[in-house]
Structures are given as structure tokens and as C-alpha cells.
$ cat input.txt   # compact mmCIF, C-alpha atoms
# COMPACT_ATOMS: atom_id res chain seq x y z
CA MET A 15 51.21 71.84 38.24
CA ASN A 16 52.82 74.98 36.82
CA HIS A 17 56.41 75.63 35.83
CA GLU A 18 58.12 78.76 34.67
CA THR A 19 61.12 78.63 32.41
CA ASP A 20 62.98 80.71 29.84
CA VAL A 21 62.82 78.13 27.06
CA VAL A 22 60.53 75.17 26.64
CA ILE A 23 61.71 72.44 24.29
CA VAL A 24 59.09 70.14 22.81
CA GLY A 25 60.70 66.78 22.11
CA ALA A 26 63.51 64.93 23.91
CA GLY A 27 65.15 63.36 20.88
CA PRO A 28 68.74 64.18 19.94
CA ALA A 29 67.91 67.68 18.64
CA GLY A 30 65.83 68.52 21.73
CA LEU A 31 68.45 67.22 24.15
CA PHE A 32 71.24 69.16 22.46
CA ALA A 33 69.01 72.25 22.49
CA ALA A 34 68.64 71.73 26.26
CA TYR A 35 72.42 71.78 26.62
CA TYR A 36 72.68 74.92 24.50
CA ALA A 37 69.94 76.73 26.40
CA GLY A 38 71.81 75.97 29.61
CA PHE A 39 75.07 77.17 28.10
CA ARG A 40 73.32 80.44 27.23
CA GLY A 41 72.27 80.82 30.86
CA LEU A 42 68.63 80.13 30.09
CA SER A 43 66.46 77.93 32.28
CA VAL A 44 64.94 75.11 30.27
CA ALA A 45 62.18 72.51 30.38
CA VAL A 46 62.05 69.55 27.98
CA LEU A 47 58.79 67.73 27.26
CA ASP A 48 58.26 64.41 25.54
CA SER A 49 55.27 62.14 25.18
CA LEU A 50 57.47 59.07 25.62
CA PRO A 51 58.43 58.03 29.15
CA GLU A 52 62.12 57.92 28.25
CA PRO A 53 64.36 60.47 26.54
CA GLY A 54 65.91 59.81 23.13
CA GLY A 55 62.97 60.10 20.74
CA GLN A 56 63.24 57.93 17.64
CA ILE A 57 66.62 56.58 18.77
CA THR A 58 65.17 55.08 21.94
CA ALA A 59 61.89 54.03 20.38
CA MET A 60 63.22 52.49 17.19
CA TYR A 61 66.93 51.75 17.15
CA PRO A 62 68.59 51.95 20.58
CA GLU A 63 71.09 49.22 19.68
CA LYS A 64 72.04 50.39 16.21
CA ARG A 65 75.46 51.87 15.67
CA ILE A 66 75.33 55.41 14.34
CA SER A 67 78.35 56.33 12.25
CA ASP A 68 77.70 59.89 11.18
CA ILE A 69 77.92 61.82 14.45
CA ALA A 70 80.85 64.22 14.33
CA GLY A 71 83.68 63.06 16.57
CA PHE A 72 82.24 59.57 17.09
CA PRO A 73 83.39 57.09 14.44
CA ALA A 74 80.54 54.89 15.71
CA ILE A 75 78.25 55.12 18.70
CA ARG A 76 75.31 52.99 19.82
CA GLY A 77 72.02 54.88 19.84
CA ARG A 78 71.51 54.31 23.53
CA GLU A 79 74.95 55.64 24.36
CA LEU A 80 74.47 58.78 22.29
CA VAL A 81 71.31 59.54 24.27
CA GLU A 82 73.15 58.97 27.57
CA ARG A 83 75.92 61.34 26.52
CA LEU A 84 73.48 64.03 25.43
CA LEU A 85 71.82 63.81 28.85
CA GLU A 86 75.20 64.00 30.53
CA GLN A 87 76.17 67.03 28.46
CA ALA A 88 73.01 68.92 29.45
CA ALA A 89 72.98 67.74 33.08
CA PRO A 90 75.15 70.54 34.60
CA PHE A 91 72.43 73.01 33.59
CA ARG A 92 69.70 70.97 35.33
CA PRO A 93 67.05 70.94 32.62
CA ARG A 94 63.59 70.10 33.92
CA TYR A 95 62.43 66.96 32.09
CA LEU A 96 58.72 66.35 31.75
CA LEU A 97 58.66 62.87 30.23
CA GLY A 98 55.40 61.09 29.50
CA HIS A 99 53.88 64.52 28.86
CA ARG A 100 52.37 65.17 25.45
CA ALA A 101 52.39 68.88 24.61
CA GLU A 102 48.73 69.69 23.90
CA THR A 103 48.23 73.43 23.51
CA LEU A 104 50.33 76.52 22.89
CA GLU A 105 49.15 79.91 24.16
CA PRO A 106 50.80 83.00 22.76
CA GLY A 107 53.37 84.58 24.92
CA PHE A 108 54.02 81.50 25.74
CA ALA A 109 52.45 78.70 27.69
CA VAL A 110 52.48 75.03 26.78
CA THR A 111 50.00 72.74 28.51
CA THR A 112 50.50 68.99 28.51
CA HIS A 113 47.88 66.24 28.35
CA ARG A 114 48.43 65.70 32.06
CA GLY A 115 47.43 69.29 32.81
CA THR A 116 50.93 70.59 33.53
CA ARG A 117 51.40 74.15 32.30
CA ILE A 118 54.81 75.56 31.44
CA THR A 119 55.21 79.26 30.78
CA ALA A 120 58.23 80.23 28.68
CA LYS A 121 59.66 83.16 26.78
CA ALA A 122 60.51 81.10 23.72
CA VAL A 123 59.57 77.69 22.35
CA ILE A 124 61.83 75.26 20.50
CA VAL A 125 59.88 72.57 18.67
CA ALA A 126 62.13 69.54 18.24
CA GLY A 127 59.25 67.16 17.79
CA GLY A 128 60.73 64.93 15.08
CA ILE A 129 57.98 62.89 13.45
CA GLY A 130 55.51 63.79 16.17
CA THR A 131 53.91 62.15 19.16
CA PHE A 132 54.58 58.45 19.44
CA THR A 133 51.60 56.28 20.30
CA PRO A 134 52.20 52.62 21.14
CA ARG A 135 50.44 50.23 18.78
CA PRO A 136 47.55 48.63 20.62
CA LEU A 137 47.16 44.93 21.38
CA PRO A 138 43.41 44.65 20.83
CA ALA A 139 43.03 41.31 22.64
CA ALA A 140 44.35 42.87 25.86
CA GLU A 141 42.98 46.39 25.68
CA GLN A 142 40.53 45.97 28.58
CA PHE A 143 43.42 45.15 30.91
CA ALA A 144 45.29 48.42 30.45
CA GLY A 145 46.66 49.18 33.91
CA THR A 146 45.61 45.80 35.36
CA GLY A 147 48.17 43.59 33.67
CA LEU A 148 48.74 45.16 30.26
CA ALA A 149 51.57 47.66 29.83
CA TYR A 150 53.22 49.31 26.82
CA PHE A 151 56.39 50.28 28.68
CA VAL A 152 58.26 48.68 31.55
CA ARG A 153 58.57 51.38 34.17
CA ARG A 154 59.61 49.42 37.26
CA LEU A 155 61.20 46.00 36.97
CA ASP A 156 59.98 45.09 40.48
CA ASP A 157 56.37 45.16 39.28
CA TYR A 158 57.17 41.95 37.40
CA ALA A 159 58.87 40.02 40.21
CA GLY A 160 57.50 36.48 40.60
CA THR A 161 54.98 36.86 37.75
CA ASP A 162 54.43 35.07 34.46
CA VAL A 163 55.23 37.69 31.81
CA VAL A 164 54.19 37.55 28.15
CA ILE A 165 55.93 40.05 25.88
CA VAL A 166 54.38 40.58 22.45
CA GLY A 167 56.70 41.88 19.72
CA GLY A 168 60.04 41.27 18.07
CA GLY A 169 61.88 44.57 18.29
CA ASP A 170 64.58 45.91 20.59
CA SER A 171 62.15 46.86 23.36
CA ALA A 172 60.63 43.36 23.46
CA PHE A 173 64.04 41.70 23.74
CA ASP A 174 65.54 44.28 26.11
CA TRP A 175 62.66 43.77 28.48
CA ALA A 176 62.83 39.97 28.15
CA GLU A 177 66.51 40.12 29.08
CA ALA A 178 65.89 42.49 32.01
CA LEU A 179 62.89 40.64 33.42
CA HIS A 180 63.74 36.95 33.25
CA PRO A 181 66.03 36.97 36.32
CA LEU A 182 63.23 38.20 38.57
CA ALA A 183 60.04 37.01 36.85
CA LYS A 184 58.61 33.53 37.36
CA SER A 185 58.58 33.04 33.59
CA VAL A 186 59.01 35.17 30.48
CA THR A 187 57.56 34.30 27.06
CA VAL A 188 58.13 36.36 23.92
CA VAL A 189 55.36 35.99 21.34
CA HIS A 190 56.04 37.33 17.86
CA ARG A 191 53.94 37.17 14.71
CA ARG A 192 56.86 36.50 12.42
CA ASP A 193 59.91 34.25 12.41
CA THR A 194 62.36 37.11 12.08
CA PHE A 195 63.16 39.77 14.63
CA ARG A 196 63.92 43.42 14.23
CA ALA A 197 65.84 43.44 17.54
CA HIS A 198 69.62 43.53 17.59
CA PRO A 199 70.95 40.00 16.86
CA GLY A 200 73.18 40.18 19.96
CA THR A 201 70.21 40.76 22.26
CA VAL A 202 68.22 38.04 20.48
CA ALA A 203 71.11 35.60 21.01
CA ALA A 204 71.36 36.52 24.71
CA VAL A 205 67.62 35.96 25.18
CA ARG A 206 67.74 32.66 23.27
CA ALA A 207 70.48 31.49 25.65
CA SER A 208 68.33 32.42 28.67
CA PRO A 209 65.31 30.61 30.12
CA VAL A 210 62.99 32.92 28.12
CA GLU A 211 60.62 31.02 25.86
CA ILE A 212 60.32 32.45 22.33
CA VAL A 213 57.22 31.59 20.31
CA THR A 214 57.34 32.74 16.68
CA GLY A 215 54.69 32.79 13.99
CA ALA A 216 52.18 33.20 16.81
CA GLN A 217 49.80 35.75 18.26
CA VAL A 218 48.12 36.46 21.56
CA THR A 219 44.51 35.93 20.54
CA LYS A 220 42.71 36.10 23.86
CA VAL A 221 43.39 37.45 27.32
CA ILE A 222 41.53 35.76 30.15
CA GLY A 223 40.89 37.23 33.58
CA HIS A 224 38.33 38.95 35.76
CA GLU A 225 39.76 42.06 37.34
CA ALA A 226 43.32 41.35 36.30
CA VAL A 227 45.03 39.18 33.71
CA GLU A 228 45.13 35.48 34.64
CA SER A 229 46.09 33.75 31.41
CA VAL A 230 46.51 34.27 27.68
CA GLU A 231 45.59 32.24 24.65
CA ILE A 232 48.44 31.93 22.17
CA THR A 233 47.60 30.85 18.62
CA HIS A 234 50.12 29.36 16.22
CA GLY A 235 48.54 28.34 12.92
CA ASP A 236 45.72 25.89 13.73
CA GLU A 237 47.03 25.29 17.20
CA ALA A 238 45.98 27.32 20.26
CA TRP A 239 46.92 26.96 23.90
CA THR A 240 46.49 28.79 27.17
CA SER A 241 49.40 29.90 29.35
CA PRO A 242 49.31 31.37 32.84
CA CYS A 243 50.12 35.06 32.67
CA GLN A 244 49.70 38.01 35.00
CA ARG A 245 51.63 40.63 33.04
CA ILE A 246 51.44 41.36 29.32
CA ILE A 247 53.80 43.81 27.68
CA ALA A 248 52.75 45.00 24.24
CA ALA A 249 55.98 46.02 22.50
CA LEU A 250 54.54 46.35 19.01
CA GLY A 251 56.21 49.58 18.06
CA PHE A 252 54.69 52.98 17.59
CA THR A 253 52.84 55.20 15.25
CA ALA A 254 53.62 58.89 15.13
CA ASN A 255 51.94 62.04 13.96
CA LEU A 256 52.09 65.70 14.85
CA GLY A 257 48.64 65.50 16.44
CA PRO A 258 47.95 68.48 18.71
CA LEU A 259 50.84 70.48 17.24
CA LEU A 260 48.86 71.01 14.05
CA LYS A 261 46.54 73.33 15.97
CA TRP A 262 49.21 75.58 17.47
CA GLY A 263 48.88 78.32 14.91
CA VAL A 264 52.36 77.59 13.54
CA ASP A 265 52.55 76.91 9.80
CA VAL A 266 52.93 73.19 9.07
CA HIS A 267 53.50 71.75 5.59
CA ASN A 268 52.02 68.41 4.55
CA ARG A 269 50.88 67.85 8.17
CA ARG A 270 54.50 66.93 8.88
CA HIS A 271 57.04 69.73 8.66
CA ILE A 272 57.40 73.22 10.12
CA PRO A 273 58.92 75.61 7.59
CA VAL A 274 61.72 77.72 9.08
CA GLY A 275 64.07 80.47 7.97
CA PRO A 276 67.85 80.56 8.43
CA SER A 277 67.47 81.34 12.18
CA MET A 278 65.20 78.28 12.59
CA ALA A 279 62.31 80.66 13.31
CA ALA A 280 58.86 79.27 12.54
CA SER A 281 55.94 81.40 11.36
CA LEU A 282 55.10 82.53 14.91
CA PRO A 283 57.69 84.92 16.44
CA GLY A 284 59.42 83.25 19.39
CA VAL A 285 58.75 79.74 18.11
CA PHE A 286 61.72 77.93 16.59
CA ALA A 287 61.98 74.44 15.12
CA ALA A 288 64.99 72.14 14.93
CA GLY A 289 65.66 68.59 13.77
CA ASP A 290 63.54 66.29 11.62
CA ILE A 291 60.40 68.36 12.11
CA ASN A 292 61.58 71.50 10.34
CA ASP A 293 61.89 72.14 6.65
CA TYR A 294 63.68 74.54 4.31
CA PRO A 295 65.16 74.24 0.84
CA GLY A 296 68.00 71.74 0.88
CA LYS A 297 67.00 70.21 4.23
CA VAL A 298 68.87 67.01 5.13
CA ARG A 299 67.17 64.92 7.83
CA LEU A 300 70.09 63.62 9.86
CA ILE A 301 70.93 63.81 13.57
CA ALA A 302 74.17 65.59 12.67
CA VAL A 303 72.20 68.35 10.97
CA GLY A 304 69.66 68.52 13.80
CA PHE A 305 72.44 69.29 16.28
CA GLY A 306 73.50 72.34 14.30
CA GLU A 307 69.90 73.46 13.94
CA ALA A 308 69.38 73.08 17.69
CA ALA A 309 72.33 75.41 18.34
CA THR A 310 71.07 77.92 15.79
CA ALA A 311 67.52 77.79 17.18
CA VAL A 312 68.55 78.26 20.83
CA ASN A 313 70.99 81.08 20.14
CA ASN A 314 68.40 82.92 18.10
CA ALA A 315 65.85 82.25 20.85
CA ALA A 316 68.25 83.80 23.39
CA HIS A 317 68.42 86.92 21.23
CA PHE A 318 64.63 86.90 20.82
CA ILE A 319 64.13 86.71 24.60
CA ASP A 320 66.60 89.53 25.26
CA PRO A 321 67.50 91.54 22.14
CA GLY A 322 70.43 92.95 24.15
CA GLN A 323 72.00 89.50 23.98
CA PRO A 324 73.94 88.65 20.83
CA VAL A 325 72.97 85.68 18.69
CA PHE A 326 76.50 84.37 18.88
CA PRO A 327 77.02 82.61 22.22
CA GLY A 328 80.77 82.92 22.52
CA HIS A 329 82.97 79.86 22.44
CA SER A 330 82.40 77.05 24.93
CA THR A 331 86.18 76.93 25.42
CA ASP A 332 86.03 80.42 26.94
CA ALA A 333 83.11 79.73 29.24
CA GLY A 334 85.11 78.58 32.25
CA ALA A 335 83.29 75.28 32.47
CA SER A 336 86.17 72.92 31.78
CA MET B 20 66.45 58.03 0.43
CA PRO B 21 63.15 56.25 1.08
CA TYR B 22 62.37 52.56 1.10
CA VAL B 23 60.62 51.18 -1.97
CA ILE B 24 58.53 48.11 -2.81
CA THR B 25 59.34 46.06 -5.90
CA ASP B 26 57.35 43.66 -8.08
CA ALA B 27 57.60 40.83 -5.52
CA CYS B 28 54.63 42.47 -3.78
CA ILE B 29 52.37 42.30 -6.81
CA ASP B 30 49.31 40.10 -6.12
CA VAL B 31 50.75 39.24 -2.68
CA MET B 32 49.98 42.43 -0.70
CA ASP B 33 50.64 40.81 2.65
CA ARG B 34 50.36 44.20 4.42
CA SER B 35 52.64 43.25 7.36
CA CYS B 36 54.74 46.26 6.41
CA MET B 37 51.74 48.55 6.88
CA GLU B 38 51.45 47.33 10.46
CA GLU B 39 55.09 48.15 11.12
CA CYS B 40 55.34 51.58 9.50
CA PRO B 41 55.45 54.17 12.27
CA VAL B 42 54.27 56.97 10.01
CA ASP B 43 51.61 55.04 8.08
CA CYS B 44 53.21 55.90 4.74
CA ILE B 45 52.55 52.60 2.93
CA TYR B 46 49.53 52.87 0.65
CA GLU B 47 47.43 50.19 -1.01
CA GLY B 48 46.96 50.04 -4.75
CA LYS B 49 44.97 47.24 -6.36
CA ARG B 50 47.73 44.67 -6.88
CA LYS B 51 50.62 46.17 -4.92
CA LEU B 52 51.61 48.37 -2.02
CA TYR B 53 53.58 51.60 -2.45
CA ILE B 54 55.78 53.60 -0.05
CA ASN B 55 55.30 57.35 -0.16
CA PRO B 56 58.77 58.88 -0.61
CA ALA B 57 57.57 62.25 0.74
CA GLU B 58 56.41 60.65 3.98
CA CYS B 59 58.89 57.77 4.52
CA ILE B 60 61.32 58.53 7.37
CA ASP B 61 63.84 55.84 6.31
CA CYS B 62 63.49 53.94 9.60
CA GLY B 63 63.59 50.53 7.92
CA ALA B 64 60.93 48.93 10.12
CA CYS B 65 59.06 47.66 7.05
CA GLU B 66 61.97 45.82 5.44
CA PRO B 67 62.15 42.70 7.66
CA ALA B 68 58.35 42.56 7.92
CA CYS B 69 57.88 41.67 4.25
CA PRO B 70 57.41 37.90 3.78
CA VAL B 71 58.47 38.10 0.11
CA THR B 72 61.47 40.44 0.58
CA ALA B 73 59.93 43.05 -1.69
CA ILE B 74 61.21 46.05 0.29
CA SER B 75 64.61 47.70 0.05
CA LEU B 76 66.22 51.12 0.27
CA ASP B 77 65.88 52.94 -3.01
CA THR B 78 69.65 52.91 -3.37
CA LYS B 79 69.81 49.15 -2.83
CA VAL B 80 67.07 47.95 -5.14
CA PRO B 81 68.08 44.61 -6.71
CA SER B 82 69.46 44.96 -10.22
CA GLY B 83 66.81 44.93 -12.89
CA LYS B 84 64.18 46.36 -10.54
CA ALA B 85 65.24 50.01 -10.56
CA GLU B 86 62.06 50.98 -12.39
CA PHE B 87 60.08 50.12 -9.26
CA ALA B 88 61.93 52.75 -7.23
CA GLU B 89 60.72 55.41 -9.66
CA ASP B 90 57.32 53.80 -9.86
CA ASN B 91 56.80 54.15 -6.08
CA ALA B 92 57.24 57.89 -6.45
CA ARG B 93 55.08 58.03 -9.58
CA PHE B 94 52.18 56.47 -7.66
CA PHE B 95 52.07 59.60 -5.49
CA GLU B 96 53.38 62.33 -7.72
CA GLU B 97 51.36 61.80 -10.90
CA PRO B 98 47.61 61.31 -11.21
CA LEU B 99 46.86 57.58 -11.32
CA PRO B 100 44.88 56.17 -14.25
CA GLY B 101 41.29 57.39 -13.99
CA ARG B 102 42.05 59.96 -11.28
CA GLY B 103 42.21 63.71 -11.71
CA GLU B 104 44.75 64.51 -9.01
CA ALA B 105 47.94 63.02 -7.68
CA VAL B 106 47.74 61.29 -4.29
CA GLY B 107 50.49 63.59 -2.98
CA ALA B 108 51.34 63.43 0.73
CA PRO B 109 47.98 63.04 2.46
CA GLY B 110 49.49 62.27 5.87
CA GLY B 111 48.91 58.54 6.18
CA ALA B 112 47.22 55.57 4.56
CA ALA B 113 44.59 55.65 7.29
CA VAL B 114 43.53 59.05 5.93
CA THR B 115 42.95 57.81 2.37
CA GLY B 116 42.09 54.15 2.88
CA ALA B 117 43.02 51.79 0.06
CA ILE B 118 43.63 53.74 -3.14
CA GLY B 119 42.60 50.69 -5.19
CA VAL B 120 44.37 51.78 -8.37
CA ASP B 121 47.86 50.92 -9.61
CA THR B 122 50.41 52.66 -11.76
CA GLU B 123 50.49 51.59 -15.40
CA LEU B 124 53.69 49.64 -14.79
CA VAL B 125 52.05 47.57 -12.08
CA SER B 126 48.58 47.14 -13.56
CA GLY B 127 50.12 45.81 -16.78
CA PHE B 128 52.74 43.70 -15.01
CA GLY B 129 53.04 40.04 -15.93
CA GLY B 130 49.81 40.13 -17.91
CA ALA B 131 47.86 39.12 -14.79
CA GLY B 132 46.08 42.45 -14.38

$ encode --input "input.txt" --output "C-alpha cells"
Amino acid sequence: MNHETDVVIVGAGPAGLFAAYYAGFRGLSVAVLDSLPEPGGQITAMYPEKRISDIAGFPAIRGRELVERLLEQAAPFRPRYLLGHRAETLEPGFAVTTHRGTRITAKAVIVAGGIGTFTPRPLPAAEQFAGTGLAYFVRRLDDYAGTDVVIVGGGDSAFDWAEALHPLAKSVTVVHRRDTFRAHPGTVAAVRASPVEIVTGAQVTKVIGHEAVESVEITHGDEAWTSPCQRIIAALGFTANLGPLLKWGVDVHNRRHIPVGPSMAASLPGVFAAGDINDYPGKVRLIAVGFGEAATAVNNAAHFIDPGQPVFPGHSTDAGAS
Amino acid sequence: MPYVITDACIDVMDRSCMEECPVDCIYEGKRKLYINPAECIDCGACEPACPVTAISLDTKVPSGKAEFAEDNARFFEEPLPGRGEAVGAPGGAAVTGAIGVDTELVSGFGGAG
């Protein structure tokens, strides 16, 4: 599949989503890629329920809600989202190809890749059942209807999915290695009050089945038992690294950060970086700062694409869109 | 504003935090684990994972343990005893494996070393 766009944004975290809005505001067509199946980057993956108190104009906003509002803000400009696509290669001029073979040609590139590509932590005992009972993300709730579901993990994703699935699943069990949970206490309380069974200090040590998962062995200290199970969800968090981006021919410091100048331009003309991934003297890694960098990056990209266009976009209050 | 590991980790080294860290920035010394301040993204995933409550934000280190905040940085920024170069920011503990050496503060701690 091929797409053509003015600007391609790598990363659908807060900086990338705000860059999508700004590209639209500048009249540029835009595509946004992310390796995760949902937008929101670190917010969605690590703290969707936390209240963020340092976003200008919002005394406090839940992570999840901030992501929804960013999507809403960009929506009038119809960005093309390519979620679940890891950006693999960058050709000069530009073309970005994803790990699923999709190729996007663009006149400028904004890298808003945060801490890099997220990879779900594996659940070794279940690895052979990837696609036949083991999942790392819940994509369609209906796939779990009438099944015995075992969710491994103690974070927000594990508890969100437990809460969403128990009304339609036959049974839901959360298995967590420790006695404490990283998930929001409110969600934990809601799940505790539901029919979901929570097993702490325990691990899934064996997965039994022929072509698909039939049961799991849960071990708690010296005790082990087998439970019927057709669906396992490994919600063990993520690891992240820049991965393929390191080979794009753009300077990267410490395998982590892309140095930029005041226009957010990276070492390759036409490539800009915004948000946690970039670096310059005095850099402060906050969402609030990333938003400003996204605006700077996109407006300079607009000028790069068409030098007849000014860097300054004009004021949004004058744009007619009320 | 990274997270740091204090003396409670010494000779415990449970390593649960290493499994939680999304950027693999917790490195193994001989008696203790250390968080790399140049690589930590302040996400806080490690803090509840520690069974001995050894982890806190560097600005919230319990009183009397401030030296461990500096010592976490020293582990990476200065050459460790017997090593020619500082560990620096190698891009993840999986890249280096266990370092196997401690800072002077930790190796001499409590006389157990």
C-alpha cells in the first residue's frame, strides 16, 4: 500500500498528535504512524489514568482524556493514522516504509518518536500461542465473548481489560507476580468488586493446548493448579528503543536523542524532531514543551516544503475555523 | 529528575525493577542496582516493583539517604574502581550485562563487602 502526503509524522504521542493538528492548520496533508495499535504513545501505554497537571489551560486532565482531545483537535483536518505500523526505513526525499510494507511519500518528516518503538514484554510460557489464544492487546472485545480469559499483569491495561471483558467473558482471572498493582486504585477497586478473580504473588508457568490454548498452569509459591483458559492476555508492559530509527542517517546522540536546532531541524534537511526524542541545550522533557516544539517543527516544515510560505502560521483566531 | 535506588537494595538485588523498566536503564553492580540518570525517563514503573522500597524520585529520597542519589549518578559518570572508563549511557543494561562492580560507597557499605 502506498500513500502520498505533505508531512509524515512518526509517533502518535502527544507531540505527534499536536503536530498533526498543526500540519492540518497549515493546510498540509498529514499521515501519522505509530507502532502501537492505539494513539497516545507513553500516555496510553504507561499512565492512561494518571492526572496530568502541567498542561496549559487544564488544571488537571486524565491522560486518556488528553489523548482524546488531541485527536478531536486534529480531526477536522482528517489526518491519516497508520497505527500498528512501525516506521522501518527512511529514503531521502522522502519515503517512510513501515514494517507492514506500507510506503508513505512525504515532503517533510517530523519525528515525534518519544522513547522509541514500544515492544510488549513477552510471556515466555505462552509464546507458541501467539495468534491462537495469546494476545498483547485487546483489539475486539467480541473475540473474548464466552471464553475463559487469563490476564497477566498488574498495570492499567491489565485492569482496564479485566473491567471491559468480564461482562461478556465466561470468566476473567488476573494473575500478577506481586501483591501490589501499578494500575489506578479506582480501577483496581472496580475490578475487585466485580466477578473477576485476582491472583497475586503468582505466575502463569505453563500453557497447555494443541492448536489453541486450552488451559494454563498458575503457580503460587509451592502450589500450582490448572485453570481452563482459551484466551491469555499478556499485559506486562513494554520496552522501548529507537530501533530502526538509528539507521535513518539522522544524527542520534546516546542512541536516544535527536539533536535539533532552534527550528527543530535535525541533521538531515527536511527532517524535524519534536517532543521527548529531541535534544538541545536546556531541553526539558515535558508534554507542555513537546507541544511548543511540535508547532515550531511543523511551521518550519511548511516553510521547508514551500519557501514561499512564511514560518509564522498566522493566528488560529483569524483562520475562520471557529 | 530520575528515580534512584538507595541502600535498601544492597545485598538484596531483587531485580523486579529491571523487569519493569521500559527503557532498560537499571544496571547491576555487585551488591546493588543503579538507575542511569541519563537514560531514566521518570516513568516511575520501577518504584512499586521494589520489594524493599529502595526506589524513589531523586527529589524524594528519604532523609539521611541523599548520598545515594548522587551515588547513582557516580556509578555511570565516573570510572568505577578497577575500570578505565565510565559506564556512561550505553543504551540499556541488556547491552552491557551485569557490570559486577560497585561504587566505593556501596562496596564499603555496612562492612559486609

$ interface_residues --input "input.txt" --of "chain B" --to "chain A" --cutoff "7 Å" --atoms "only C-alpha atoms" --output "MDAnalysis selection string"
chainID B and resid 41:42 67 108 110

$ write_last_selection --input "input.txt" --atoms "C-alpha atoms" --output "PDB file, keeping the file's coordinate frame"
ATOM      1  CA  PRO B  41      55.450  54.170  12.270  1.00  0.00           C
ATOM      2  CA  VAL B  42      54.270  56.970  10.010  1.00  0.00           C
ATOM      3  CA  PRO B  67      62.150  42.700   7.660  1.00  0.00           C
ATOM      4  CA  ALA B 108      51.340  63.430   0.730  1.00  0.00           C
ATOM      5  CA  GLY B 110      49.490  62.270   5.870  1.00  0.00           C
TER       6      GLY B 110
END

$ residues_around --input "input.txt" --residues "segment 93-97 of chain B" --least-positions-apart "3" --cutoff "6 Å" --atoms "only C-alpha atoms" --output "list in words"
Asp90, Ala105, Val106, Gly107 and Thr122 of chain B

$ closest_residue --input "input.txt" --among "A:Phe318, A:Asn313, A:Pro199, A:Thr116" --to "Phe39 of chain A" --atoms "all atoms listed in the file"
A:Asn313

$ residues_around --input "input.txt" --residues "segment 171-181 of chain A" --least-positions-apart "3" --cutoff "6 Å" --atoms "all atoms listed in the file" --output "list in words"
Gly167, Gly168, Val186, Val205 and Ala249 of chain A

$ residues_around --input "input.txt" --residues "Asn91 of chain B" --least-positions-apart "6" --cutoff "8 Å" --atoms "all atoms listed in the file" --output "ChimeraX atom specification"
/B:23-24,53-56

$ closest_residue --input "input.txt" --among "A:Ile66, A:Ala109, A:Ile124, A:Val210" --to "Leu31 of chain A" --atoms "all atoms listed in the file"
A:Ile124

$ atom_distance --input "input.txt" --atom1 "atom CA of Gly101 of chain B" --atom2 "atom CA of Gly129 of chain B"
21.0 Å

$ atom_distance --input "input.txt" --atom1 "atom CA of Pro21 of chain B" --atom2 "atom CA of Ala57 of chain B"
8.2 Å

$ residues_around --input "input.txt" --residues "Glu86 of chain B" --least-positions-apart "3" --cutoff "10 Å" --atoms "all atoms listed in the file" --output "list in words"
Thr25, Asp26, Val80, Ser82, Gly83, Glu89, Asp90, Asn91 and Leu124 of chain B

$ write_last_selection --input "input.txt" --atoms "C-alpha atoms" --output "compact mmCIF listing (two decimals), in the coordinates of the input"
# COMPACT_ATOMS: atom_id res chain seq x y z
CA THR B 25 59.34 46.06 -5.90
CA ASP B 26 57.35 43.66 -8.08
CA VAL B 80 67.07 47.95 -5.14
CA SER B 82 69.46 44.96 -10.22
CA GLY B 83 66.81 44.93 -12.89
CA GLU B 89 60.72 55.41 -9.66
CA ASP B 90 57.32 53.80 -9.86
CA ASN B 91 56.80 54.15 -6.08
CA LEU B 124 53.69 49.64 -14.79

$ atom_distance --input "input.txt" --atom1 "atom CA of Ser49 of chain A" --atom2 "atom CA of Arg94 of chain A"
14.5 Å

$ residues_around --input "input.txt" --residues "Ile29 of chain B" --least-positions-apart "2" --cutoff "10 Å" --atoms "all atoms listed in the file" --output "NGL selection string"
:B and (24-27 or 31-33 or 48-52 or 73 or 125-126 or 128-129 or 131-132)

$ decode --input "input.txt" --residues "segment 246-288 of chain A" --atoms "C-alpha atoms" --output "JSON list (two decimals), in the first residue's frame"
[["chain", "number", "residue", "atom", "x", "y", "z"],
["A", 246, "ILE", "CA", -4.42, -15.20, 27.52],
["A", 247, "ILE", "CA", -3.65, -11.50, 27.53],
["A", 248, "ALA", "CA", -0.06, -10.62, 28.39],
["A", 249, "ALA", "CA", -0.21, -7.07, 29.78],
["A", 250, "LEU", "CA", 3.31, -6.98, 31.16],
["A", 251, "GLY", "CA", 4.24, -3.54, 29.95],
["A", 252, "PHE", "CA", 6.67, -2.55, 27.26],
["A", 253, "THR", "CA", 10.25, -1.97, 26.44],
["A", 254, "ALA", "CA", 11.22, 0.82, 24.11],
["A", 255, "ASN", "CA", 14.17, 1.74, 21.96],
["A", 256, "LEU", "CA", 14.74, 3.75, 18.83],
["A", 257, "GLY", "CA", 15.42, 0.57, 16.86],
["A", 258, "PRO", "CA", 15.18, 1.15, 13.09],
["A", 259, "LEU", "CA", 15.38, 4.92, 13.50],
["A", 260, "LEU", "CA", 19.06, 4.66, 14.38],
["A", 261, "LYS", "CA", 19.76, 3.72, 10.76],
["A", 262, "TRP", "CA", 17.95, 6.63, 9.12],
["A", 263, "GLY", "CA", 21.04, 8.72, 8.57],
["A", 264, "VAL", "CA", 19.84, 11.32, 11.08],
["A", 265, "ASP", "CA", 22.27, 12.13, 13.89],
["A", 266, "VAL", "CA", 21.27, 10.45, 17.16],
["A", 267, "HIS", "CA", 23.02, 11.02, 20.49],
["A", 268, "ASN", "CA", 23.43, 8.24, 23.04],
["A", 269, "ARG", "CA", 21.17, 6.01, 20.88],
["A", 270, "ARG", "CA", 18.28, 8.00, 22.34],
["A", 271, "HIS", "CA", 18.03, 11.63, 21.29],
["A", 272, "ILE", "CA", 17.99, 13.54, 18.01],
["A", 273, "PRO", "CA", 19.88, 16.82, 18.31],
["A", 274, "VAL", "CA", 17.95, 19.76, 16.82],
["A", 275, "GLY", "CA", 18.45, 23.47, 16.29],
["A", 276, "PRO", "CA", 16.02, 26.25, 17.21],
["A", 277, "SER", "CA", 13.72, 25.35, 14.26],
["A", 278, "MET", "CA", 13.59, 21.72, 15.47],
["A", 279, "ALA", "CA", 15.53, 20.72, 12.34],
["A", 280, "ALA", "CA", 17.54, 17.51, 12.65],
["A", 281, "SER", "CA", 20.83, 16.89, 10.84],
["A", 282, "LEU", "CA", 19.06, 15.90, 7.61],
["A", 283, "PRO", "CA", 17.32, 18.83, 5.82],
["A", 284, "GLY", "CA", 13.55, 18.31, 5.84],
["A", 285, "VAL", "CA", 13.61, 16.11, 8.92],
["A", 286, "PHE", "CA", 12.43, 17.73, 12.15],
["A", 287, "ALA", "CA", 12.13, 16.29, 15.65],
["A", 288, "ALA", "CA", 9.75, 17.27, 18.44]]
